[in-house]
Each structure stands twice: as structure tokens, then as C-alpha cells.
$ cat my_file_25.txt   # compact mmCIF, C-alpha atoms
# COMPACT_ATOMS: atom_id res chain seq x y z
CA MET A 1 -58.77 -76.00 -57.64
CA MET A 2 -55.32 -74.63 -57.39
CA SER A 3 -56.32 -71.40 -59.07
CA ASP A 4 -59.28 -71.06 -56.71
CA GLU A 5 -56.99 -71.31 -53.69
CA GLN A 6 -54.38 -68.87 -55.09
CA SER A 7 -56.80 -66.18 -56.19
CA PRO A 8 -57.99 -64.94 -52.72
CA LYS A 9 -54.39 -64.95 -51.44
CA SER A 10 -53.15 -62.58 -54.17
CA GLU A 11 -55.97 -60.17 -53.40
CA GLN A 12 -54.96 -59.70 -49.73
CA PRO A 13 -54.27 -56.00 -48.93
CA PRO A 14 -50.55 -55.17 -48.47
CA LYS A 15 -49.32 -55.43 -44.89
CA LYS A 16 -48.94 -52.01 -43.20
CA LYS A 17 -45.31 -51.12 -42.46
CA ASP A 18 -44.53 -50.68 -38.78
CA LEU A 19 -41.83 -48.58 -37.16
CA TRP A 20 -39.34 -51.37 -37.36
CA ASP A 21 -39.79 -51.58 -41.14
CA ILE A 22 -39.24 -47.82 -41.41
CA MET A 23 -36.14 -48.10 -39.23
CA GLN A 24 -34.86 -50.92 -41.39
CA ALA A 25 -35.35 -48.88 -44.49
CA LEU A 26 -33.85 -45.70 -43.07
CA GLY A 27 -31.15 -47.41 -40.97
CA PRO A 28 -28.27 -47.11 -43.39
CA ALA A 29 -29.16 -43.52 -44.13
CA LEU A 30 -29.39 -42.67 -40.40
CA ILE A 31 -26.06 -44.32 -39.67
CA ALA A 32 -24.46 -42.47 -42.54
CA ALA A 33 -25.94 -39.17 -41.33
CA THR A 34 -24.84 -39.79 -37.72
CA VAL A 35 -21.32 -40.64 -38.82
CA ALA A 36 -21.24 -37.55 -40.98
CA ILE A 37 -22.49 -35.28 -38.14
CA MET A 38 -20.07 -36.80 -35.62
CA GLY A 39 -17.26 -36.41 -38.10
CA SER A 40 -18.15 -32.78 -38.66
CA VAL A 41 -18.40 -32.09 -34.92
CA TYR A 42 -15.09 -33.83 -34.31
CA SER A 43 -13.43 -31.88 -37.12
CA TYR A 44 -14.88 -28.64 -35.78
CA GLN A 45 -13.67 -29.41 -32.26
CA GLN A 46 -10.24 -30.31 -33.55
CA ALA A 47 -10.12 -27.08 -35.53
CA GLN A 48 -11.17 -25.09 -32.46
CA MET A 49 -8.56 -26.81 -30.28
CA THR A 50 -5.88 -26.19 -32.87
CA LYS A 51 -6.93 -22.56 -33.09
CA ALA A 52 -6.90 -22.19 -29.30
CA SER A 53 -3.51 -23.88 -29.11
CA GLU A 54 -2.15 -21.53 -31.77
CA MET A 55 -3.58 -18.56 -29.89
CA ARG A 56 -1.94 -19.75 -26.66
CA GLU A 57 1.36 -20.18 -28.47
CA VAL A 58 1.15 -16.70 -29.96
CA TYR A 59 0.14 -15.23 -26.59
CA THR A 60 2.96 -17.04 -24.78
CA LYS A 61 5.42 -15.90 -27.42
CA ILE A 62 4.28 -12.28 -27.18
CA MET A 63 4.40 -12.37 -23.38
CA THR A 64 7.84 -13.99 -23.35
CA GLU A 65 9.20 -11.50 -25.84
CA ARG A 66 7.65 -8.60 -23.97
CA GLU A 67 9.04 -9.85 -20.65
CA SER A 68 12.45 -10.37 -22.23
CA SER A 69 12.38 -6.90 -23.77
CA ASP A 70 11.16 -5.37 -20.51
CA ASN A 71 13.91 -7.13 -18.55
CA SER A 72 16.51 -5.92 -21.00
CA ILE A 73 15.30 -2.32 -20.74
CA ARG A 74 15.16 -2.55 -16.95
CA ALA A 75 18.65 -4.05 -16.75
CA ASN A 76 20.05 -1.24 -18.89
CA MET A 77 18.19 1.36 -16.89
CA PHE A 78 19.35 -0.10 -13.59
CA GLN A 79 22.97 -0.12 -14.73
CA MET A 80 22.70 3.42 -16.13
CA LEU A 81 21.20 4.79 -12.91
CA PHE A 82 23.79 3.11 -10.71
CA THR A 83 26.66 4.33 -12.86
CA ALA A 84 25.29 7.87 -12.86
CA MET A 85 24.63 7.85 -9.12
CA PHE A 86 28.15 6.84 -8.15
CA SER A 87 29.97 8.81 -10.83
CA LYS A 88 30.80 11.85 -8.66
CA ASP A 89 31.76 12.33 -5.06
CA VAL A 90 28.97 14.30 -3.46
CA THR A 91 30.59 14.34 -0.05
CA SER A 92 33.29 16.76 -1.08
CA THR A 93 32.69 20.10 0.60
CA ASN A 94 34.90 21.85 -1.94
CA ASN A 95 32.58 20.94 -4.71
CA PRO A 96 30.47 24.01 -5.52
CA ASP A 97 27.84 21.80 -7.13
CA ASN A 98 27.36 19.84 -3.94
CA ILE A 99 23.65 20.63 -3.50
CA ARG A 100 22.98 20.08 -7.18
CA LEU A 101 24.66 16.66 -7.00
CA ILE A 102 22.72 15.72 -3.90
CA LYS A 103 19.53 16.73 -5.70
CA GLN A 104 20.59 14.46 -8.56
CA ARG A 105 21.17 11.56 -6.18
CA VAL A 106 17.77 12.11 -4.63
CA MET A 107 16.24 12.15 -8.12
CA PHE A 108 18.13 8.97 -9.12
CA LEU A 109 16.84 7.24 -6.01
CA ASP A 110 13.33 8.41 -6.84
CA VAL A 111 13.56 6.97 -10.36
CA LEU A 112 15.17 3.81 -9.03
CA SER A 113 12.49 3.25 -6.38
CA ARG A 114 9.65 3.96 -8.83
CA ASN A 115 10.91 1.42 -11.35
CA PHE A 116 12.51 -1.22 -9.12
CA ASP A 117 10.27 -1.26 -6.09
CA THR A 118 11.20 -4.78 -5.05
CA VAL A 119 14.95 -4.30 -5.34
CA ASP A 120 16.33 -3.67 -1.88
CA ILE A 121 17.83 -0.19 -2.22
CA LYS A 122 17.31 0.67 1.43
CA PRO A 123 21.09 0.98 2.10
CA LEU A 124 21.38 3.66 -0.60
CA PHE A 125 18.57 5.68 0.93
CA GLU A 126 19.88 5.26 4.47
CA GLU A 127 23.43 6.18 3.50
CA LEU A 128 22.29 9.45 1.91
CA ASP A 129 19.85 10.15 4.76
CA GLY A 130 22.63 9.62 7.33
CA ASP A 131 25.01 11.80 5.35
CA LEU A 132 22.46 14.62 5.14
CA THR A 133 21.55 14.27 8.83
CA ALA A 134 25.22 14.69 9.78
CA LYS A 135 25.42 17.81 7.59
CA ILE A 136 22.18 19.21 9.07
CA TYR A 137 22.89 18.83 12.77
CA ASN A 138 26.50 17.92 13.48
CA ASP A 139 28.74 19.62 10.98
CA GLN A 140 29.40 23.27 11.80
CA SER A 141 31.34 23.92 8.61
CA TYR A 142 28.13 24.56 6.67
CA SER A 143 26.26 27.84 6.63
CA ASP A 144 22.71 28.08 8.02
CA SER A 145 21.37 28.45 4.52
CA LEU A 146 23.18 25.34 3.32
CA GLN A 147 22.00 23.37 6.35
CA LYS A 148 18.44 24.38 5.53
CA ASP A 149 18.95 23.18 1.97
CA TYR A 150 20.22 19.84 3.30
CA PHE A 151 17.17 19.64 5.55
CA ALA A 152 14.90 20.23 2.56
CA MET A 153 16.76 17.53 0.59
CA ARG A 154 16.39 15.04 3.42
CA SER A 155 12.67 15.82 3.71
CA GLU A 156 12.30 15.11 -0.01
CA LEU A 157 14.27 11.86 0.34
CA ARG A 158 12.04 10.75 3.22
CA ARG A 159 8.92 11.68 1.25
CA ILE A 160 10.09 9.41 -1.60
CA GLY A 161 10.76 6.51 0.79
CA ARG A 162 7.45 6.97 2.61
CA ASN A 163 5.43 7.17 -0.62
CA LEU A 164 6.93 3.91 -1.83
CA SER A 165 6.39 2.05 1.44
CA VAL A 166 2.81 3.35 1.79
CA LYS A 167 2.10 2.31 -1.81
CA GLN A 168 3.26 -1.22 -1.02
CA LEU A 169 1.31 -1.16 2.25
CA ASN A 170 -1.90 -0.15 0.45
CA ALA A 171 -1.39 -2.85 -2.21
CA LEU A 172 -1.05 -5.50 0.50
CA ALA A 173 -3.88 -4.05 2.62
CA SER A 174 -6.35 -4.50 -0.24
CA LEU A 175 -5.80 -8.26 -0.28
CA PRO A 176 -8.03 -10.67 1.65
CA GLY A 177 -6.73 -11.89 4.99
CA THR A 178 -4.72 -8.73 5.65
CA VAL A 179 -4.93 -6.66 8.83
CA VAL A 180 -3.40 -3.21 9.34
CA LYS A 181 -2.98 -1.52 12.67
CA SER A 182 -1.65 1.92 13.61
CA ILE A 183 0.79 2.50 16.45
CA VAL A 184 1.70 5.97 17.66
CA LEU A 185 4.93 6.63 19.57
CA LEU A 186 5.34 9.79 21.60
CA GLU A 187 8.37 11.12 23.44
CA ASP A 188 8.07 14.05 25.81
CA LYS A 189 10.71 16.63 26.75
CA ASP A 190 12.02 14.34 29.53
CA LYS A 191 12.56 11.54 27.00
CA ASN A 192 9.69 9.43 28.35
CA LEU A 193 8.49 7.19 25.57
CA VAL A 194 4.84 6.18 25.27
CA VAL A 195 3.40 3.62 22.85
CA MET A 196 -0.24 4.17 21.92
CA GLN A 197 -1.88 1.17 20.29
CA ASP A 198 -4.65 2.59 18.16
CA GLU A 199 -7.89 0.71 18.54
CA SER A 200 -8.95 1.25 14.95
CA SER A 201 -8.21 -1.43 12.40
CA ALA A 202 -8.43 -1.71 8.62
CA ASN A 203 -9.86 -5.20 8.84
CA SER A 204 -13.61 -5.66 9.04
CA ASN A 205 -13.94 -9.24 10.21
CA GLY A 206 -12.50 -8.69 13.66
CA ASP A 207 -9.20 -10.35 12.81
CA THR A 208 -6.27 -9.20 14.93
CA ILE A 209 -2.48 -9.20 14.72
CA PRO A 210 -0.96 -11.50 17.34
CA VAL A 211 2.12 -9.31 17.67
CA GLU A 212 3.00 -6.62 20.18
CA ILE A 213 5.27 -3.71 19.37
CA LYS A 214 7.56 -2.35 22.08
CA ALA A 215 9.45 0.87 21.40
CA GLN A 216 13.06 1.22 22.49
CA SER A 217 13.97 4.64 21.14
CA LEU A 218 13.01 7.43 18.74
CA ASP A 219 15.92 9.10 17.04
CA ASP A 220 15.61 11.40 14.06
CA GLY A 221 13.63 9.28 11.63
CA LYS A 222 14.81 6.01 13.16
CA VAL A 223 12.52 4.04 15.43
CA GLU A 224 14.00 1.14 17.37
CA ILE A 225 11.38 -1.46 18.26
CA THR A 226 10.90 -5.08 19.24
CA LEU A 227 8.20 -7.33 17.85
CA GLU A 228 6.86 -9.87 20.32
CA TYR A 229 4.81 -12.71 18.95
CA GLN A 230 2.21 -13.57 21.59
CA LYS A 231 2.41 -17.31 20.91
CA THR A 232 6.19 -17.40 21.40
CA LYS A 233 5.86 -15.25 24.49
CA ALA A 234 3.34 -17.68 25.96
CA SER A 235 5.33 -20.84 25.16
CA ASP A 236 8.80 -19.49 26.02
CA GLN A 237 8.66 -16.88 28.76
CA GLY A 238 12.44 -16.45 28.80
CA PHE A 239 12.51 -15.47 25.13
CA LYS A 240 13.58 -11.93 24.43
CA ALA A 241 12.72 -10.58 20.99
CA PRO A 242 15.63 -8.82 19.26
CA SER A 243 15.24 -5.14 18.55
CA PHE A 244 15.58 -3.59 15.12
CA VAL A 245 15.38 -0.14 13.57
CA ILE A 246 12.55 1.04 11.30
CA THR A 247 13.11 3.96 8.93
CA PHE A 248 11.11 5.53 6.11
CA TYR A 249 12.91 3.13 3.77
CA ASP A 250 11.54 -0.15 5.15
CA MET A 251 9.37 -1.69 2.43
CA PRO A 252 6.77 -4.28 3.44
CA TYR A 253 7.38 -6.34 0.26
CA ILE A 254 10.99 -6.84 1.33
CA ASP A 255 11.30 -6.05 5.03
CA ASN A 256 8.90 -8.46 6.65
CA SER A 257 9.10 -11.37 9.07
CA ILE A 258 7.49 -14.79 8.72
CA ILE A 259 5.49 -15.67 11.79
CA ASP A 260 4.07 -19.13 12.12
CA LYS A 261 3.36 -21.08 8.94
CA ASP A 262 2.06 -18.65 6.41
CA MET A 263 1.75 -15.29 8.09
CA ARG A 264 4.05 -12.37 7.44
CA VAL A 265 4.33 -9.19 9.46
CA GLY A 266 5.79 -5.91 8.26
CA VAL A 267 6.24 -2.53 9.93
CA VAL A 268 6.14 0.76 8.04
CA LEU A 269 7.10 4.19 9.36
CA THR A 270 4.46 6.57 7.99
CA LYS A 271 5.13 9.74 10.00
CA TYR A 272 7.95 11.20 12.02
CA ALA A 273 8.11 14.67 13.54
CA THR A 274 10.40 16.35 16.01
CA THR A 275 9.48 19.76 17.39
CA LYS A 276 13.20 20.64 17.44
CA ASP A 277 12.96 21.15 13.66
CA LEU A 278 10.29 23.78 14.22
CA GLU A 279 12.88 26.07 15.80
CA LEU A 280 15.75 25.28 13.42
CA PHE A 281 14.04 24.94 10.04
CA ARG A 282 10.67 26.60 10.39
CA ASP A 283 10.80 28.14 6.92
CA ARG A 284 11.63 24.76 5.30
CA ILE A 285 8.87 22.74 6.98
CA ASP A 286 5.69 22.12 4.99
CA ARG A 287 3.61 25.18 5.84
CA ARG A 288 0.50 23.05 6.37
CA LEU A 289 2.25 21.23 9.23
CA ILE A 290 3.58 24.18 11.22
CA LYS A 291 0.41 24.64 13.27
CA ASP A 292 0.34 20.89 14.00
CA TYR A 293 3.98 20.95 15.12
CA GLU A 294 3.21 23.90 17.39
CA ASP A 295 0.24 22.03 18.86
CA LEU A 296 2.42 19.00 19.53
CA LYS A 297 5.03 21.19 21.19
CA SER A 298 2.44 22.96 23.35
CA GLY A 299 1.18 19.52 24.38
CA GLY A 300 4.65 18.69 25.73
CA ILE A 301 5.53 16.30 22.91
CA ALA A 302 9.11 16.45 21.60
CA LYS A 303 9.02 13.57 19.10
CA TYR A 304 6.18 11.87 17.32
CA ALA A 305 6.20 8.75 15.13
CA GLU A 306 3.45 6.73 13.53
CA LEU A 307 3.95 3.11 12.52
CA ARG A 308 1.70 0.79 10.57
CA LEU A 309 1.83 -2.86 11.51
CA ILE A 310 0.58 -5.12 8.74
CA LYS A 311 -0.19 -8.82 8.83
CA PHE A 312 -0.57 -10.51 5.47
CA PRO A 313 -0.45 -14.05 4.03
CA ALA A 314 3.06 -15.23 3.17
CA LYS A 315 2.06 -16.14 -0.38
CA TYR A 316 1.56 -12.46 -1.24
CA THR A 317 5.20 -11.51 -1.23
CA GLY A 318 8.61 -12.33 -2.61
CA HIS A 319 7.86 -11.34 -6.17
CA ARG A 320 7.57 -7.95 -7.83
CA ASP A 321 3.93 -8.21 -8.80
CA ARG A 322 2.97 -11.11 -6.62
CA PRO A 323 -0.25 -9.57 -5.27
CA TYR A 324 -1.49 -8.83 -8.78
CA LEU A 325 -0.23 -12.14 -10.16
CA GLN A 326 -2.20 -13.95 -7.47
CA ASP A 327 -5.35 -12.11 -8.50
CA ILE A 328 -4.79 -12.88 -12.19
CA LEU A 329 -4.28 -16.59 -11.48
CA GLN A 330 -7.36 -16.71 -9.31
CA ASN A 331 -9.45 -15.08 -12.05
CA LEU A 332 -8.11 -17.55 -14.63
CA VAL A 333 -9.01 -20.51 -12.40
CA GLU A 334 -12.52 -19.14 -11.87
CA GLU A 335 -12.97 -18.59 -15.61
CA GLU A 336 -11.76 -22.12 -16.29
CA LYS A 337 -14.37 -23.49 -13.86
CA MET B 1 2.09 53.94 -5.14
CA LYS B 2 4.23 53.12 -2.13
CA LYS B 3 1.15 53.01 0.13
CA VAL B 4 -0.65 50.67 -2.27
CA PHE B 5 2.36 48.39 -2.36
CA ILE B 6 2.62 48.31 1.44
CA SER B 7 -1.14 47.68 1.74
CA ILE B 8 -0.89 44.74 -0.65
CA LEU B 9 2.04 43.36 1.33
CA VAL B 10 0.09 43.66 4.60
CA ILE B 11 -2.99 41.95 3.09
CA VAL B 12 -0.88 39.14 1.63
CA GLY B 13 0.92 38.79 4.99
CA ILE B 14 -2.36 38.55 6.92
CA PHE B 15 -3.73 36.07 4.37
CA THR B 16 -0.70 33.77 4.51
CA ALA B 17 -0.58 34.01 8.32
CA THR B 18 -4.17 32.81 8.58
CA ILE B 19 -3.61 29.82 6.26
CA LEU B 20 -2.08 27.64 8.93
CA TYR B 21 -3.68 24.30 8.44
CA ALA B 22 -4.27 21.97 11.35
CA ALA B 23 -4.54 18.19 11.43
CA ASN B 24 -7.24 16.32 9.53
CA LEU B 25 -8.83 13.02 10.46
CA PHE B 26 -10.62 10.95 7.86
CA GLY B 27 -11.49 7.34 7.05
CA ILE B 28 -14.21 4.80 6.35
CA VAL B 29 -16.81 3.24 8.62
CA SER B 30 -17.94 -0.26 7.72
CA ASP B 31 -20.01 -3.02 9.30
CA LYS B 32 -18.74 -6.46 10.33
CA THR B 33 -18.96 -7.72 6.75
CA GLY B 34 -16.99 -4.78 5.39
CA LYS B 35 -19.94 -2.94 3.85
CA PRO B 36 -19.89 0.87 4.19
CA VAL B 37 -22.24 2.24 6.83
CA GLU B 38 -24.19 5.49 6.84
CA THR B 39 -24.01 6.67 10.43
CA LYS B 40 -23.01 9.51 12.71
CA VAL B 41 -19.41 9.99 13.86
CA THR B 42 -18.63 12.05 16.94
CA LEU B 43 -15.19 13.18 18.09
CA LYS B 44 -14.38 13.63 21.77
CA ASP B 45 -11.14 14.79 23.34
CA ASP B 46 -9.32 12.76 25.99
CA LYS B 47 -11.39 14.48 28.70
CA GLY B 48 -14.66 13.37 27.11
CA ALA B 49 -15.68 16.78 25.75
CA GLN B 50 -17.21 16.79 22.28
CA VAL B 51 -15.00 18.35 19.60
CA GLY B 52 -16.92 20.30 16.94
CA GLN B 53 -20.11 18.91 15.49
CA PRO B 54 -20.74 15.22 14.74
CA VAL B 55 -20.39 14.35 11.06
CA ALA B 56 -22.44 11.91 8.97
CA THR B 57 -20.76 9.33 6.78
CA ASP B 58 -21.66 9.29 3.10
CA LYS B 59 -22.91 6.27 1.12
CA LYS B 60 -19.38 4.94 0.86
CA GLY B 61 -18.87 5.23 4.61
CA ASN B 62 -16.48 8.19 4.35
CA TYR B 63 -16.18 10.65 7.21
CA ALA B 64 -13.81 13.56 7.82
CA PHE B 65 -12.95 16.01 10.57
CA LYS B 66 -10.94 19.01 9.42
CA ASP B 67 -8.70 21.45 11.27
CA ILE B 68 -8.41 19.64 14.56
CA LYS B 69 -5.59 19.81 17.06
CA PRO B 70 -3.15 16.86 17.12
CA GLY B 71 -3.64 14.71 20.21
CA SER B 72 -5.61 11.88 21.81
CA TYR B 73 -9.26 11.50 20.90
CA VAL B 74 -12.16 9.12 21.31
CA VAL B 75 -14.15 8.46 18.16
CA VAL B 76 -17.78 7.48 18.76
CA VAL B 77 -19.48 5.79 15.82
CA GLY B 78 -23.27 5.50 15.92
CA ALA B 79 -24.69 5.27 19.41
CA LYS B 80 -22.15 3.31 21.39
CA ASP B 81 -19.09 2.07 19.50
CA GLU B 82 -15.96 3.88 20.70
CA TRP B 83 -12.30 3.84 19.72
CA LYS B 84 -9.33 5.60 21.28
CA ILE B 85 -7.02 7.09 18.69
CA PHE B 86 -4.18 9.59 18.37
CA VAL B 87 -4.32 12.19 15.61
CA GLY B 88 -0.87 13.24 14.42
CA PRO B 89 0.29 16.16 12.33
CA GLY B 90 -1.14 16.43 8.81
CA GLU B 91 -3.51 13.85 7.40
CA THR B 92 -4.48 10.94 9.65
CA ARG B 93 -6.54 8.08 8.29
CA ARG B 94 -8.42 5.77 10.63
CA ASP B 95 -10.98 3.20 9.44
CA PHE B 96 -13.54 1.77 11.81
CA SER B 97 -15.41 -1.51 11.65
CA LEU B 98 -18.54 -1.63 13.82
CA LYS B 99 -18.15 -3.98 16.78
$ encode --input "my_file_25.txt" --output "C-alpha cells"
Amino acid sequence: MMSDEQSPKSEQPPKKKDLWDIMQALGPALIAATVAIMGSVYSYQQAQMTKASEMREVYTKIMTERESSDNSIRANMFQMLFTAMFSKDVTSTNNPDNIRLIKQRVMFLDVLSRNFDTVDIKPLFEELDGDLTAKIYNDQSYSDSLQKDYFAMRSELRRIGRNLSVKQLNALASLPGTVVKSIVLLEDKDKNLVVMQDESSANSNGDTIPVEIKAQSLDDGKVEITLEYQKTKASDQGFKAPSFVITFYDMPYIDNSIIDKDMRVGVVLTKYATTKDLELFRDRIDRRLIKDYEDLKSGGIAKYAELRLIKFPAKYTGHRDRPYLQDILQNLVEEEK
Amino acid sequence: MKKVFISILVIVGIFTATILYAANLFGIVSDKTGKPVETKVTLKDDKGAQVGQPVATDKKGNYAFKDIKPGSYVVVVGAKDEWKIFVGPGETRRDFSLK
């Protein structure tokens, strides 16, 4: 009886394995595989992070060493140029090499301004400019030929100053949020001074500069002006803006004023012409400008100056390569995102 | 030989005397968003008389007027946009953004 009952049971077909059974069987293997994969991924990530960290360290080290080396070279160069520039007295009229020494000083200033464009060397330029101006117009002890040589030297000095300031102006003008405006100053034979605010602007979004320039005088490469901030003028009607002098050696990186919270304003002298020079130094004036000078003179204009007024965000100054540094940082942040 | 030398001197003298450059005005015309605009630029003197022929800007918005007399001018861009400017000796750059 017992054997009859057991016999059909043993002949039952094996139960089909469901998903759970498969999972149970494969479970340990799956866990092992997952742990292995996660371990590999983690190891790979760690290796990548270590590699990136090492790369950053190497990069930082290279940059630091390069900066240190660059600073050392610049410091030596600065010292060498200064020592050379002040080694001889160029003001001595008995010195036969006078013109040669002045040429050297002009060249030193050129090298200095090209390599240290954020060091304020304006006093050096202005001292030499003033010295040459005195020799050109006021000192009768020099021959006509020598005075013409001094005039040519001063023109070269002013060209160097203007090139540097315009370079800085262009660097700032290319940044967002910057507005540049031209102002032309004209003085006629009767010393009447006219300020012409050009209506053109380098900015395309209609942004303006809330500052008004008033000219006080034009005097041989020196323009005395006042800057009136419209907001101050409106809130304090008794306020009188102080005047200051702009020369070819005013650099917008250095010579600028903070207006309001984060806005800076700089003024650059880009052109200066006096028709008096046409009579005295015709053969030393750039030949391409003679016709223009004659046209100005025939139009009754005795002196002409062109200023550029620039408004730029305060964060874009105070450091040698600040505009470029800002761009680099911005690119890094965008890449990181 | 002497005559040839004098003739050369005279020719060189005339040549150098005629190369007396006048002022140049150049710049870029852009729209309100700062994109360069291809348009016509006309120059008028302070009495409203047209100076030379109008020039067309290129694809980058560049325009240029060469050999003009320094002084006050009105620059007309396109049909109606006008700006008063002063052109000084040598190169004068003025950029215009359409109003």
C-alpha cells in the first residue's frame, strides 16, 4: 500500500524554475561581479583624480617657476634701464653728445613702457617732454637745427606715449560693458576754445557715459579739463569738479577715476596739433600731415586736440594683465560648468 | 648729363609735392546688437553739401573716406541715421551703431 502511494509521487515531473530560483542561484555571482565592477570603477576614478591632481601640481609648479623667473628678469631689466637712464646728465649744453643721449633716454623710455606698461612712468615722460619743450621754444642758446632735432625727439616721445595709451584703450574697449567716446577740442586764433562732443560711440547697445568733459585750456600737448559726473551735478549743484591736465602719457590702466560703485572713467589724449609748428618745424612734421595742418590753419584753427573718454567696469583694472586674466577665469568657469 | 639730372630733380620734386596726403576717416557700422551692417555711408560737410561719393560698407561693416579736408562733417548711415563728427589731421576712426 505504501509502495503504491509513493510510486506516483516519485514520477512527478520536476518543478520548473522561476526567475526567483535563477536569481537565488546567480545571486552570489551577481553580487561578486557588482562589487568587482564597482571596485574597478572606483579604482579607475581614484587613479584619474590622482593623475589630474598630479597634473595640476606640475602645472602650478611650472607656472610659479615661470612667474618667478619672469619677475626676476623683469626686476633686473627694470633696474638696468633705470641705472642706464640716469647715468649721464643730458641737460648739460656743453655735452656734445646731448642729442645722442636724449635719443637714448627716449629709447629707454620706449623699452620701459613696452615691458612695464602698468608701472607709472608718466613723470619720466613728462619731465623729458617738458625739458625738450623748453629747448624747442624758450631757450635761444640752441641753433635752429638743434631746435628742430629737439622737436623731432619730442614728437617721437609723444608717439611712444600715445601708442601705449591707445593700446591700453583698445584692450579695455574690447571688453563687455565698455563705452568709448571721442571729444574734439578746438582753439582759434583769438584763443576761443570749443568742445565738440562727437556723436559717434564705440558701444553698440546705446549705453552712454554719464560724464561731461569741460575744457579749461590747450597748451602744447597739455589739455586741462574737468570731468563732471552728471549724478553728482544733479544732487549737489554747488559742487565744482577739480580740473586736471591730460597729456600723451596718461594711461587708462593707471590714470582713471572711480565713479559710483564699479565704474571707472579714463581720458586719453590721442591727437594734438598746433599750426604754429607748421611755420617753425615744417620739415620735421610728418609729411602726410602737412596738408591737414594747412587745412586746419586755413579754417582758422590754431590748436587741435582729440580726447577719448572711456567708461569701463572697475574690475578690469589695477593689475597688469587684468583684462586677459578676467577672460581666462571666465573661460575656466564655463569649461568647469 | 646735366640736363638729365635737372629733369630728374624736377620730376622728383613734382612727384613729392603732389604726395600731400589729407585726412582719412574710417570705422565700422554695426546694428543695435553689434553685428556689422552692409549699408551706404554718405559724408556731408557742415553746410549740408555732400562730400565725394557715398561709400558702401563691406561684410565686416568697414567704411572709409580718403583724402578729405579736416573739419566738421555729418555722417549719414543708410537712409536717415546721422551723426555730427569732427575729422582731425591724419587718421580718424569713428564707429557708428545704428539708432
$ interface_residues --input "my_file_25.txt" --of "chain B" --to "chain A" --cutoff "12 Å" --atoms "all atoms listed in the file" --output "NGL selection string"
:B and (16-24 or 27-37 or 67-77 or 81-99)
$ write_last_selection --input "my_file_25.txt" --atoms "C-alpha atoms" --output "mmCIF file, keeping the file's coordinate frame"
data_model
loop_
_atom_site.group_PDB
_atom_site.id
_atom_site.type_symbol
_atom_site.label_atom_id
_atom_site.label_comp_id
_atom_site.auth_asym_id
_atom_site.auth_seq_id
_atom_site.Cartn_x
_atom_site.Cartn_y
_atom_site.Cartn_z
ATOM 1 C CA THR B 16 -0.700 33.770 4.510
ATOM 2 C CA ALA B 17 -0.580 34.010 8.320
ATOM 3 C CA THR B 18 -4.170 32.810 8.580
ATOM 4 C CA ILE B 19 -3.610 29.820 6.260
ATOM 5 C CA LEU B 20 -2.080 27.640 8.930
ATOM 6 C CA TYR B 21 -3.680 24.300 8.440
ATOM 7 C CA ALA B 22 -4.270 21.970 11.350
ATOM 8 C CA ALA B 23 -4.540 18.190 11.430
ATOM 9 C CA ASN B 24 -7.240 16.320 9.530
ATOM 10 C CA GLY B 27 -11.490 7.340 7.050
ATOM 11 C CA ILE B 28 -14.210 4.800 6.350
ATOM 12 C CA VAL B 29 -16.810 3.240 8.620
ATOM 13 C CA SER B 30 -17.940 -0.260 7.720
ATOM 14 C CA ASP B 31 -20.010 -3.020 9.300
ATOM 15 C CA LYS B 32 -18.740 -6.460 10.330
ATOM 16 C CA THR B 33 -18.960 -7.720 6.750
ATOM 17 C CA GLY B 34 -16.990 -4.780 5.390
ATOM 18 C CA LYS B 35 -19.940 -2.940 3.850
ATOM 19 C CA PRO B 36 -19.890 0.870 4.190
ATOM 20 C CA VAL B 37 -22.240 2.240 6.830
ATOM 21 C CA ASP B 67 -8.700 21.450 11.270
ATOM 22 C CA ILE B 68 -8.410 19.640 14.560
ATOM 23 C CA LYS B 69 -5.590 19.810 17.060
ATOM 24 C CA PRO B 70 -3.150 16.860 17.120
ATOM 25 C CA GLY B 71 -3.640 14.710 20.210
ATOM 26 C CA SER B 72 -5.610 11.880 21.810
ATOM 27 C CA TYR B 73 -9.260 11.500 20.900
ATOM 28 C CA VAL B 74 -12.160 9.120 21.310
ATOM 29 C CA VAL B 75 -14.150 8.460 18.160
ATOM 30 C CA VAL B 76 -17.780 7.480 18.760
ATOM 31 C CA VAL B 77 -19.480 5.790 15.820
ATOM 32 C CA ASP B 81 -19.090 2.070 19.500
ATOM 33 C CA GLU B 82 -15.960 3.880 20.700
ATOM 34 C CA TRP B 83 -12.300 3.840 19.720
ATOM 35 C CA LYS B 84 -9.330 5.600 21.280
ATOM 36 C CA ILE B 85 -7.020 7.090 18.690
ATOM 37 C CA PHE B 86 -4.180 9.590 18.370
ATOM 38 C CA VAL B 87 -4.320 12.190 15.610
ATOM 39 C CA GLY B 88 -0.870 13.240 14.420
ATOM 40 C CA PRO B 89 0.290 16.160 12.330
ATOM 41 C CA GLY B 90 -1.140 16.430 8.810
ATOM 42 C CA GLU B 91 -3.510 13.850 7.400
ATOM 43 C CA THR B 92 -4.480 10.940 9.650
ATOM 44 C CA ARG B 93 -6.540 8.080 8.290
ATOM 45 C CA ARG B 94 -8.420 5.770 10.630
ATOM 46 C CA ASP B 95 -10.980 3.200 9.440
ATOM 47 C CA PHE B 96 -13.540 1.770 11.810
ATOM 48 C CA SER B 97 -15.410 -1.510 11.650
ATOM 49 C CA LEU B 98 -18.540 -1.630 13.820
ATOM 50 C CA LYS B 99 -18.150 -3.980 16.780
#
$ atom_distance --input "my_file_25.txt" --atom1 "atom CA of A:Ile22" --atom2 "atom CA of A:Gly39"
25.0 Å
$ residues_around --input "my_file_25.txt" --residues "B:Tyr63" --least-positions-apart "5" --cutoff "9 Å" --atoms "all atoms listed in the file" --output "PyMOL selection string"
chain B and resi 25-29+40-41+55-58
$ residues_around --input "my_file_25.txt" --residues "stretch 163-176 of chain A" --least-positions-apart "4" --cutoff "9 Å" --atoms "only C-alpha atoms" --output "number ranges by chain"
A: 113-114, 117, 158-159, 180, 202-203, 248-253, 266, 268-270, 308, 310-313, 316-317, 323-324
$ closest_residue --input "my_file_25.txt" --among "A:Leu128, A:Ala314, A:Val194, A:Ile121" --to "A:Asp262" --atoms "all atoms listed in the file"
A:Ala314
$ atom_distance --input "my_file_25.txt" --atom1 "atom CA of A:Tyr137" --atom2 "atom CA of A:Ser217"
18.7 Å
$ residues_around --input "my_file_25.txt" --residues "stretch 147-152 of chain A" --least-positions-apart "6" --cutoff "8 Å" --atoms "all atoms listed in the file" --output "list in words"
Ile99, Leu132, Thr133, Lys135, Ile136, Tyr137, Phe281, Arg284 and Ile285 of chain A
$ write_last_selection --input "my_file_25.txt" --atoms "C-alpha atoms" --output "PDB file, in the frame of the given file"
ATOM      1  CA  ILE A  99      23.650  20.630  -3.500  1.00  0.00           C
ATOM      2  CA  LEU A 132      22.460  14.620   5.140  1.00  0.00           C
ATOM      3  CA  THR A 133      21.550  14.270   8.830  1.00  0.00           C
ATOM      4  CA  LYS A 135      25.420  17.810   7.590  1.00  0.00           C
ATOM      5  CA  ILE A 136      22.180  19.210   9.070  1.00  0.00           C
ATOM      6  CA  TYR A 137      22.890  18.830  12.770  1.00  0.00           C
ATOM      7  CA  PHE A 281      14.040  24.940  10.040  1.00  0.00           C
ATOM      8  CA  ARG A 284      11.630  24.760   5.300  1.00  0.00           C
ATOM      9  CA  ILE A 285       8.870  22.740   6.980  1.00  0.00           C
TER      10      ILE A 285
END
